[in-house]
Amino acid sequence: MCNRAPIHHRIPFLEFFAFGPSGLEQIEKLSSPRMIKTHLPIQFIPKSVWEQDCKVITVARNAKDNLVSYYHFHRMNQVMPEPGSWQEFLQIFMDGQVAWGSWYDYVKGWWEAKEKRRILFLFYEDLKENPRREILKVAKFMEKVLEEDVVEKIVRLSSFSAMKDNPMVNYSTLPPSVMDQTISSFMRKGEVGDWKHHFTVAQNEAFDEHYEREMAESSLKFREVL
């Protein structure tokens, strides 16, 4: 399954329209049940998703590692705006002036909505720590009973190293004019805490102060943030 076609063909990207068929065009060709990918904040999700009581799985990553990953993604993705310097992108991220908007608004929106909608909210750090446990959470949410050998196969094939080497997942099938992986791999490191190799002491202190203000009224807590 994970080797038969590029992932962007198997799972349409709802708001995608940069080249080739748009996400909506791809979705319309699929019969139900369908899997659909999106990076949209919850306020922009089509009402039909909730009217049809669809299930949504959201994966959130701590802000600092997310910022680092997004910076390198901007560097290699030729469709995205130029990120500028690391310091410039850091400020842009904090201001929420990036594609798909503020990280803070995004995670808080989905976190709060999970109390009213059929939303499974997962943490990237938990997936790295114990992928088997998180896969079983997904299976339960999707009302699927998996045999142990199937669970182990999913654990193995969904590991970062396996996906990094899989051309049907790592976007290496796209031309350099779209994703130039000589600049940075689409699947770069996948580590928790890599932000420590990018932030200066001053940047980290400024970010922490900003983070505390933005997240002060939310019950959402991440690991490896402070």
# chains A, B, ... in the order shown; residues from 1 in each chain; ligands from 1
>>> select_by_dssp(residues="range 22-191 of chain A", states="helix (DSSP H, G or I)", output="NGL selection string")
:A and (23-28 or 42-44 or 47-51 or 63-76 or 86-95 or 103-113 or 124-129 or 131-141 or 148-157 or 160-164)
>>> residues_around(residues="Asp126 in chain A", least_positions_apart="3", cutoff="12 Å", atoms="only C-alpha atoms", output="PyMOL selection string")
chain A and resi 59-62+121-123+129-135+137+191-192+222-224
>>> write_last_selection(atoms="N, CA, C and O atoms", output="mmCIF file, in the first residue's frame")
data_model
loop_
_atom_site.group_PDB
_atom_site.id
_atom_site.type_symbol
_atom_site.label_atom_id
_atom_site.label_comp_id
_atom_site.auth_asym_id
_atom_site.auth_seq_id
_atom_site.Cartn_x
_atom_site.Cartn_y
_atom_site.Cartn_z
ATOM 1 N N VAL A 59 -2.413 15.958 14.293
ATOM 2 C CA VAL A 59 -1.115 15.743 14.931
ATOM 3 C C VAL A 59 -0.452 17.102 15.127
ATOM 4 O O VAL A 59 -0.283 17.850 14.169
ATOM 5 N N ALA A 60 -0.100 17.409 16.355
ATOM 6 C CA ALA A 60 0.532 18.693 16.670
ATOM 7 C C ALA A 60 1.939 18.456 17.199
ATOM 8 O O ALA A 60 2.188 17.504 17.936
ATOM 9 N N ARG A 61 2.829 19.353 16.823
ATOM 10 C CA ARG A 61 4.231 19.271 17.250
ATOM 11 C C ARG A 61 4.585 20.522 18.036
ATOM 12 O O ARG A 61 4.055 21.598 17.765
ATOM 13 N N ASN A 62 5.479 20.398 18.997
ATOM 14 C CA ASN A 62 5.827 21.562 19.803
ATOM 15 C C ASN A 62 6.321 22.707 18.912
ATOM 16 O O ASN A 62 6.886 22.496 17.847
ATOM 17 N N PHE A 121 -6.742 14.016 18.885
ATOM 18 C CA PHE A 121 -5.624 14.963 18.940
ATOM 19 C C PHE A 121 -4.389 14.215 19.427
ATOM 20 O O PHE A 121 -4.333 13.749 20.564
ATOM 21 N N LEU A 122 -3.393 14.100 18.540
ATOM 22 C CA LEU A 122 -2.157 13.383 18.863
ATOM 23 C C LEU A 122 -0.983 14.359 18.915
ATOM 24 O O LEU A 122 -1.010 15.415 18.283
ATOM 25 N N PHE A 123 0.043 13.963 19.653
ATOM 26 C CA PHE A 123 1.255 14.762 19.760
ATOM 27 C C PHE A 123 2.412 14.060 19.045
ATOM 28 O O PHE A 123 2.626 12.847 19.234
ATOM 29 N N GLU A 129 7.991 8.780 20.818
ATOM 30 C CA GLU A 129 8.290 8.038 22.034
ATOM 31 C C GLU A 129 7.764 6.608 21.990
ATOM 32 O O GLU A 129 8.464 5.665 22.369
ATOM 33 N N ASN A 130 6.521 6.441 21.537
ATOM 34 C CA ASN A 130 5.904 5.115 21.551
ATOM 35 C C ASN A 130 4.931 4.999 20.382
ATOM 36 O O ASN A 130 3.717 5.153 20.540
ATOM 37 N N PRO A 131 5.453 4.743 19.177
ATOM 38 C CA PRO A 131 4.586 4.698 17.997
ATOM 39 C C PRO A 131 3.500 3.629 18.078
ATOM 40 O O PRO A 131 2.374 3.856 17.630
ATOM 41 N N ARG A 132 3.808 2.492 18.679
ATOM 42 C CA ARG A 132 2.815 1.425 18.784
ATOM 43 C C ARG A 132 1.596 1.885 19.573
ATOM 44 O O ARG A 132 0.455 1.641 19.173
ATOM 45 N N ARG A 133 1.843 2.531 20.691
ATOM 46 C CA ARG A 133 0.739 3.023 21.530
ATOM 47 C C ARG A 133 -0.146 4.001 20.764
ATOM 48 O O ARG A 133 -1.378 3.924 20.818
ATOM 49 N N GLU A 134 0.470 4.908 19.997
ATOM 50 C CA GLU A 134 -0.297 5.909 19.265
ATOM 51 C C GLU A 134 -1.041 5.293 18.086
ATOM 52 O O GLU A 134 -2.147 5.715 17.750
ATOM 53 N N ILE A 135 -0.445 4.293 17.458
ATOM 54 C CA ILE A 135 -1.120 3.595 16.357
ATOM 55 C C ILE A 135 -2.364 2.887 16.871
ATOM 56 O O ILE A 135 -3.418 2.889 16.213
ATOM 57 N N LYS A 137 -4.138 3.878 19.365
ATOM 58 C CA LYS A 137 -5.114 4.944 19.605
ATOM 59 C C LYS A 137 -5.883 5.253 18.315
ATOM 60 O O LYS A 137 -7.110 5.427 18.326
ATOM 61 N N GLU A 191 13.530 14.753 14.569
ATOM 62 C CA GLU A 191 13.924 14.595 15.967
ATOM 63 C C GLU A 191 13.105 15.515 16.874
ATOM 64 O O GLU A 191 12.621 16.560 16.452
ATOM 65 N N VAL A 192 12.996 15.105 18.127
ATOM 66 C CA VAL A 192 12.397 15.957 19.147
ATOM 67 C C VAL A 192 13.525 16.722 19.833
ATOM 68 O O VAL A 192 14.490 16.126 20.301
ATOM 69 N N PHE A 222 2.598 21.061 25.775
ATOM 70 C CA PHE A 222 3.534 20.294 24.978
ATOM 71 C C PHE A 222 4.765 19.958 25.798
ATOM 72 O O PHE A 222 5.080 20.640 26.769
ATOM 73 N N ARG A 223 5.475 18.928 25.359
ATOM 74 C CA ARG A 223 6.771 18.621 25.931
ATOM 75 C C ARG A 223 7.866 19.278 25.101
ATOM 76 O O ARG A 223 7.647 19.634 23.956
ATOM 77 N N GLU A 224 9.032 19.434 25.671
ATOM 78 C CA GLU A 224 10.209 19.941 24.950
ATOM 79 C C GLU A 224 9.974 21.331 24.349
ATOM 80 O O GLU A 224 10.451 21.640 23.273
#
>>> select_by_dssp(residues="range 14-188 of chain A", states="strand (DSSP E)", output="PyMOL selection string")
chain A and resi 56-60+119-123
>>> atom_distance(atom1="CA of Gly23 in chain A", atom2="CA of Ile11 in chain A")
9.1 Å
>>> residues_around(residues="range 101-115 of chain A", least_positions_apart="4", cutoff="10 Å", atoms="only C-alpha atoms", output="PDB file with N, CA and C atoms, in the first residue's frame")
ATOM      1  N   HIS A  39      -3.977  21.222   6.068  1.00  0.00           N
ATOM      2  CA  HIS A  39      -3.262  21.994   7.087  1.00  0.00           C
ATOM      3  C   HIS A  39      -4.116  23.167   7.564  1.00  0.00           C
ATOM      4  N   LEU A  40      -5.369  23.194   7.183  1.00  0.00           N
ATOM      5  CA  LEU A  40      -6.219  24.331   7.497  1.00  0.00           C
ATOM      6  C   LEU A  40      -6.519  24.436   8.991  1.00  0.00           C
ATOM      7  N   PRO A  41      -6.542  25.667   9.519  1.00  0.00           N
ATOM      8  CA  PRO A  41      -7.030  25.845  10.888  1.00  0.00           C
ATOM      9  C   PRO A  41      -8.514  25.516  10.926  1.00  0.00           C
ATOM     10  N   ILE A  42      -9.010  25.192  12.091  1.00  0.00           N
ATOM     11  CA  ILE A  42     -10.362  24.639  12.184  1.00  0.00           C
ATOM     12  C   ILE A  42     -11.443  25.564  11.654  1.00  0.00           C
ATOM     13  N   GLN A  43     -11.238  26.884  11.748  1.00  0.00           N
ATOM     14  CA  GLN A  43     -12.272  27.807  11.297  1.00  0.00           C
ATOM     15  C   GLN A  43     -12.453  27.805   9.783  1.00  0.00           C
ATOM     16  N   VAL A  56     -11.702  13.204  12.401  1.00  0.00           N
ATOM     17  CA  VAL A  56     -10.506  13.983  12.097  1.00  0.00           C
ATOM     18  C   VAL A  56      -9.389  13.581  13.050  1.00  0.00           C
ATOM     19  N   ILE A  57      -8.217  13.333  12.495  1.00  0.00           N
ATOM     20  CA  ILE A  57      -7.028  13.057  13.302  1.00  0.00           C
ATOM     21  C   ILE A  57      -6.076  14.226  13.121  1.00  0.00           C
ATOM     22  N   THR A  58      -5.741  14.880  14.217  1.00  0.00           N
ATOM     23  CA  THR A  58      -4.835  16.022  14.200  1.00  0.00           C
ATOM     24  C   THR A  58      -3.547  15.658  14.922  1.00  0.00           C
ATOM     25  N   VAL A  59      -2.413  15.958  14.293  1.00  0.00           N
ATOM     26  CA  VAL A  59      -1.115  15.743  14.931  1.00  0.00           C
ATOM     27  C   VAL A  59      -0.452  17.102  15.127  1.00  0.00           C
ATOM     28  N   ALA A  60      -0.100  17.409  16.355  1.00  0.00           N
ATOM     29  CA  ALA A  60       0.532  18.693  16.670  1.00  0.00           C
ATOM     30  C   ALA A  60       1.939  18.456  17.199  1.00  0.00           C
ATOM     31  N   ARG A  61       2.829  19.353  16.823  1.00  0.00           N
ATOM     32  CA  ARG A  61       4.231  19.271  17.250  1.00  0.00           C
ATOM     33  C   ARG A  61       4.585  20.522  18.036  1.00  0.00           C
ATOM     34  N   ASN A  62       5.479  20.398  18.997  1.00  0.00           N
ATOM     35  CA  ASN A  62       5.827  21.562  19.803  1.00  0.00           C
ATOM     36  C   ASN A  62       6.321  22.707  18.912  1.00  0.00           C
ATOM     37  N   ALA A  63       6.081  23.915  19.382  1.00  0.00           N
ATOM     38  CA  ALA A  63       6.264  25.104  18.548  1.00  0.00           C
ATOM     39  C   ALA A  63       7.691  25.275  18.036  1.00  0.00           C
ATOM     40  N   ASN A  66       8.575  22.666  15.444  1.00  0.00           N
ATOM     41  CA  ASN A  66       7.741  22.979  14.290  1.00  0.00           C
ATOM     42  C   ASN A  66       8.321  24.138  13.504  1.00  0.00           C
ATOM     43  N   LEU A  67       8.771  25.160  14.210  1.00  0.00           N
ATOM     44  CA  LEU A  67       9.355  26.340  13.578  1.00  0.00           C
ATOM     45  C   LEU A  67      10.603  25.974  12.775  1.00  0.00           C
ATOM     46  N   ILE A  92       8.729  36.076  11.831  1.00  0.00           N
ATOM     47  CA  ILE A  92       7.546  35.860  10.992  1.00  0.00           C
ATOM     48  C   ILE A  92       6.656  34.785  11.598  1.00  0.00           C
ATOM     49  N   PHE A  93       7.279  33.728  12.083  1.00  0.00           N
ATOM     50  CA  PHE A  93       6.536  32.627  12.697  1.00  0.00           C
ATOM     51  C   PHE A  93       5.813  33.114  13.957  1.00  0.00           C
ATOM     52  N   MET A  94       6.510  33.843  14.801  1.00  0.00           N
ATOM     53  CA  MET A  94       5.919  34.358  16.029  1.00  0.00           C
ATOM     54  C   MET A  94       4.746  35.291  15.736  1.00  0.00           C
ATOM     55  N   ASP A  95       4.863  36.046  14.653  1.00  0.00           N
ATOM     56  CA  ASP A  95       3.795  36.973  14.263  1.00  0.00           C
ATOM     57  C   ASP A  95       2.629  36.272  13.564  1.00  0.00           C
ATOM     58  N   GLY A  96       2.793  34.981  13.254  1.00  0.00           N
ATOM     59  CA  GLY A  96       1.737  34.245  12.572  1.00  0.00           C
ATOM     60  C   GLY A  96       1.597  34.594  11.108  1.00  0.00           C
ATOM     61  N   GLN A  97       2.644  35.195  10.520  1.00  0.00           N
ATOM     62  CA  GLN A  97       2.598  35.630   9.122  1.00  0.00           C
ATOM     63  C   GLN A  97       3.171  34.574   8.178  1.00  0.00           C
ATOM     64  N   ILE A 119     -12.728  14.298  17.010  1.00  0.00           N
ATOM     65  CA  ILE A 119     -11.343  14.651  16.721  1.00  0.00           C
ATOM     66  C   ILE A 119     -10.416  13.891  17.648  1.00  0.00           C
ATOM     67  N   LEU A 120      -9.437  13.221  17.065  1.00  0.00           N
ATOM     68  CA  LEU A 120      -8.372  12.574  17.838  1.00  0.00           C
ATOM     69  C   LEU A 120      -7.156  13.480  17.758  1.00  0.00           C
ATOM     70  N   PHE A 121      -6.742  14.016  18.885  1.00  0.00           N
ATOM     71  CA  PHE A 121      -5.624  14.963  18.940  1.00  0.00           C
ATOM     72  C   PHE A 121      -4.389  14.215  19.427  1.00  0.00           C
ATOM     73  N   LEU A 122      -3.393  14.100  18.540  1.00  0.00           N
ATOM     74  CA  LEU A 122      -2.157  13.383  18.863  1.00  0.00           C
ATOM     75  C   LEU A 122      -0.983  14.359  18.915  1.00  0.00           C
ATOM     76  N   TYR A 211       5.670  32.791  23.813  1.00  0.00           N
ATOM     77  CA  TYR A 211       4.895  31.552  23.933  1.00  0.00           C
ATOM     78  C   TYR A 211       3.990  31.594  25.157  1.00  0.00           C
ATOM     79  N   GLU A 214       0.987  33.804  24.510  1.00  0.00           N
ATOM     80  CA  GLU A 214       0.043  33.249  23.544  1.00  0.00           C
ATOM     81  C   GLU A 214      -0.729  32.047  24.088  1.00  0.00           C
ATOM     82  N   MET A 215      -0.101  31.270  24.955  1.00  0.00           N
ATOM     83  CA  MET A 215      -0.703  30.022  25.436  1.00  0.00           C
ATOM     84  C   MET A 215      -1.231  30.124  26.866  1.00  0.00           C
ATOM     85  N   GLU A 217      -3.895  31.118  28.371  1.00  0.00           N
ATOM     86  CA  GLU A 217      -5.257  30.734  28.721  1.00  0.00           C
ATOM     87  C   GLU A 217      -5.656  29.363  28.177  1.00  0.00           C
ATOM     88  N   SER A 218      -4.703  28.640  27.608  1.00  0.00           N
ATOM     89  CA  SER A 218      -5.005  27.328  27.036  1.00  0.00           C
ATOM     90  C   SER A 218      -4.561  26.203  27.967  1.00  0.00           C
ATOM     91  N   SER A 219      -5.332  25.122  27.977  1.00  0.00           N
ATOM     92  CA  SER A 219      -4.968  23.936  28.758  1.00  0.00           C
ATOM     93  C   SER A 219      -4.034  23.019  27.972  1.00  0.00           C
ATOM     94  N   LEU A 220      -3.737  23.380  26.737  1.00  0.00           N
ATOM     95  CA  LEU A 220      -2.876  22.568  25.878  1.00  0.00           C
ATOM     96  C   LEU A 220      -1.421  22.666  26.327  1.00  0.00           C
TER      97      LEU A 220
END
>>> closest_residue(among="A:Tyr171, A:Tyr71, A:Trp50, A:Trp100", to="Arg118 in chain A", atoms="only C-alpha atoms")
A:Trp50
>>> residues_around(residues="Pro33 in chain A", least_positions_apart="6", cutoff="12 Å", atoms="only C-alpha atoms", output="VMD selection string")
chain A and resid 11 27 52 54 to 55 142
>>> write_last_selection(atoms="all heavy atoms", output="CSV table (one decimal), in the first residue's frame")
chain,number,residue,atom,x,y,z
A,11,ILE,N,-3.6,10.3,-1.0
A,11,ILE,CA,-4.4,11.1,0.0
A,11,ILE,C,-4.4,12.5,-0.5
A,11,ILE,O,-3.4,13.2,-0.3
A,11,ILE,CB,-3.7,10.9,1.4
A,11,ILE,CG1,-3.6,9.5,1.8
A,11,ILE,CG2,-4.6,11.7,2.4
A,11,ILE,CD1,-2.9,9.3,3.1
A,27,ILE,N,-10.2,14.8,-4.8
A,27,ILE,CA,-11.2,14.3,-3.8
A,27,ILE,C,-12.4,13.9,-4.5
A,27,ILE,O,-13.0,12.8,-4.2
A,27,ILE,CB,-11.4,15.4,-2.8
A,27,ILE,CG1,-10.2,15.6,-1.9
A,27,ILE,CG2,-12.6,15.0,-1.9
A,27,ILE,CD1,-10.2,16.8,-1.0
A,52,GLN,N,-21.4,16.0,8.1
A,52,GLN,CA,-21.4,14.5,7.9
A,52,GLN,C,-20.7,13.8,9.0
A,52,GLN,O,-20.5,12.6,8.9
A,52,GLN,CB,-20.7,14.3,6.5
A,52,GLN,CG,-21.4,14.9,5.3
A,52,GLN,CD,-20.7,14.6,4.0
A,52,GLN,OE1,-20.2,13.6,3.8
A,52,GLN,NE2,-20.7,15.6,3.1
A,54,CYS,N,-17.7,13.6,10.1
A,54,CYS,CA,-16.4,13.0,9.8
A,54,CYS,C,-15.5,12.9,11.0
A,54,CYS,O,-15.6,13.7,11.9
A,54,CYS,CB,-15.8,13.8,8.6
A,54,CYS,SG,-16.7,13.9,7.1
A,55,LYS,N,-14.6,11.9,10.9
A,55,LYS,CA,-13.6,11.8,11.9
A,55,LYS,C,-12.4,12.5,11.5
A,55,LYS,O,-12.0,12.5,10.3
A,55,LYS,CB,-13.3,10.3,12.2
A,55,LYS,CG,-14.4,9.5,12.8
A,55,LYS,CD,-13.9,8.1,13.2
A,55,LYS,CE,-15.0,7.4,13.9
A,55,LYS,NZ,-14.6,6.0,14.3
A,142,MET,N,-10.7,4.8,14.9
A,142,MET,CA,-11.3,4.4,13.6
A,142,MET,C,-12.1,3.1,13.7
A,142,MET,O,-12.6,2.6,12.7
A,142,MET,CB,-10.2,4.2,12.6
A,142,MET,CG,-9.4,5.5,12.3
A,142,MET,SD,-10.4,6.9,11.8
A,142,MET,CE,-11.1,6.3,10.2
>>> closest_residue(among="A:Pro175, A:Lys189, A:Gly84, A:Phe207", to="Ser159 in chain A", atoms="only C-alpha atoms")
A:Lys189
>>> closest_residue(among="A:His210, A:Lys140, A:Lys64, A:His8", to="Lys37 in chain A", atoms="only C-alpha atoms")
A:His8
>>> closest_residue(among="A:Trp86, A:Tyr124, A:Asp53, A:Leu24", to="Val68 in chain A", atoms="only C-alpha atoms")
A:Trp86
>>> decode(residues="range 29-50 of chain A", atoms="N, CA and C atoms", output="mmCIF file, in the first residue's frame")
data_model
loop_
_atom_site.group_PDB
_atom_site.id
_atom_site.type_symbol
_atom_site.label_atom_id
_atom_site.label_comp_id
_atom_site.auth_asym_id
_atom_site.auth_seq_id
_atom_site.Cartn_x
_atom_site.Cartn_y
_atom_site.Cartn_z
ATOM 1 N N LYS A 29 -12.921 12.613 -7.272
ATOM 2 C CA LYS A 29 -12.794 11.361 -8.032
ATOM 3 C C LYS A 29 -12.791 10.128 -7.124
ATOM 4 N N LEU A 30 -12.690 10.344 -5.827
ATOM 5 C CA LEU A 30 -12.618 9.223 -4.886
ATOM 6 C C LEU A 30 -13.993 8.862 -4.351
ATOM 7 N N SER A 31 -14.192 7.577 -4.162
ATOM 8 C CA SER A 31 -15.439 7.125 -3.550
ATOM 9 C C SER A 31 -15.249 7.027 -2.037
ATOM 10 N N SER A 32 -16.339 7.072 -1.318
ATOM 11 C CA SER A 32 -16.300 6.985 0.142
ATOM 12 C C SER A 32 -16.070 5.527 0.566
ATOM 13 N N PRO A 33 -15.356 5.302 1.667
ATOM 14 C CA PRO A 33 -14.720 6.264 2.586
ATOM 15 C C PRO A 33 -13.397 6.796 2.014
ATOM 16 N N ARG A 34 -13.117 8.061 2.294
ATOM 17 C CA ARG A 34 -11.938 8.722 1.754
ATOM 18 C C ARG A 34 -11.067 9.270 2.880
ATOM 19 N N MET A 35 -9.766 9.331 2.605
ATOM 20 C CA MET A 35 -8.841 10.022 3.497
ATOM 21 C C MET A 35 -8.429 11.317 2.825
ATOM 22 N N ILE A 36 -8.497 12.404 3.567
ATOM 23 C CA ILE A 36 -8.182 13.721 3.037
ATOM 24 C C ILE A 36 -7.200 14.406 3.979
ATOM 25 N N LYS A 37 -6.190 15.033 3.407
ATOM 26 C CA LYS A 37 -5.193 15.768 4.185
ATOM 27 C C LYS A 37 -5.474 17.263 4.120
ATOM 28 N N THR A 38 -5.227 17.947 5.220
ATOM 29 C CA THR A 38 -5.333 19.401 5.221
ATOM 30 C C THR A 38 -4.445 19.988 6.303
ATOM 31 N N HIS A 39 -3.977 21.222 6.068
ATOM 32 C CA HIS A 39 -3.262 21.994 7.087
ATOM 33 C C HIS A 39 -4.116 23.167 7.564
ATOM 34 N N LEU A 40 -5.369 23.194 7.183
ATOM 35 C CA LEU A 40 -6.219 24.331 7.497
ATOM 36 C C LEU A 40 -6.519 24.436 8.991
ATOM 37 N N PRO A 41 -6.542 25.667 9.519
ATOM 38 C CA PRO A 41 -7.030 25.845 10.888
ATOM 39 C C PRO A 41 -8.514 25.516 10.926
ATOM 40 N N ILE A 42 -9.010 25.192 12.091
ATOM 41 C CA ILE A 42 -10.362 24.639 12.184
ATOM 42 C C ILE A 42 -11.443 25.564 11.654
ATOM 43 N N GLN A 43 -11.238 26.884 11.748
ATOM 44 C CA GLN A 43 -12.272 27.807 11.297
ATOM 45 C C GLN A 43 -12.453 27.805 9.783
ATOM 46 N N PHE A 44 -11.498 27.222 9.051
ATOM 47 C CA PHE A 44 -11.609 27.170 7.599
ATOM 48 C C PHE A 44 -11.991 25.784 7.072
ATOM 49 N N ILE A 45 -12.237 24.849 7.971
ATOM 50 C CA ILE A 45 -12.660 23.518 7.544
ATOM 51 C C ILE A 45 -14.072 23.594 6.974
ATOM 52 N N PRO A 46 -14.320 22.986 5.801
ATOM 53 C CA PRO A 46 -15.668 23.036 5.215
ATOM 54 C C PRO A 46 -16.736 22.526 6.186
ATOM 55 N N LYS A 47 -17.880 23.198 6.222
ATOM 56 C CA LYS A 47 -18.956 22.817 7.134
ATOM 57 C C LYS A 47 -19.434 21.394 6.902
ATOM 58 N N SER A 48 -19.294 20.926 5.660
ATOM 59 C CA SER A 48 -19.753 19.573 5.333
ATOM 60 C C SER A 48 -19.015 18.509 6.141
ATOM 61 N N VAL A 49 -17.783 18.804 6.553
ATOM 62 C CA VAL A 49 -17.019 17.850 7.375
ATOM 63 C C VAL A 49 -17.760 17.577 8.674
ATOM 64 N N TRP A 50 -18.287 18.638 9.279
ATOM 65 C CA TRP A 50 -19.004 18.481 10.555
ATOM 66 C C TRP A 50 -20.434 18.022 10.320
#
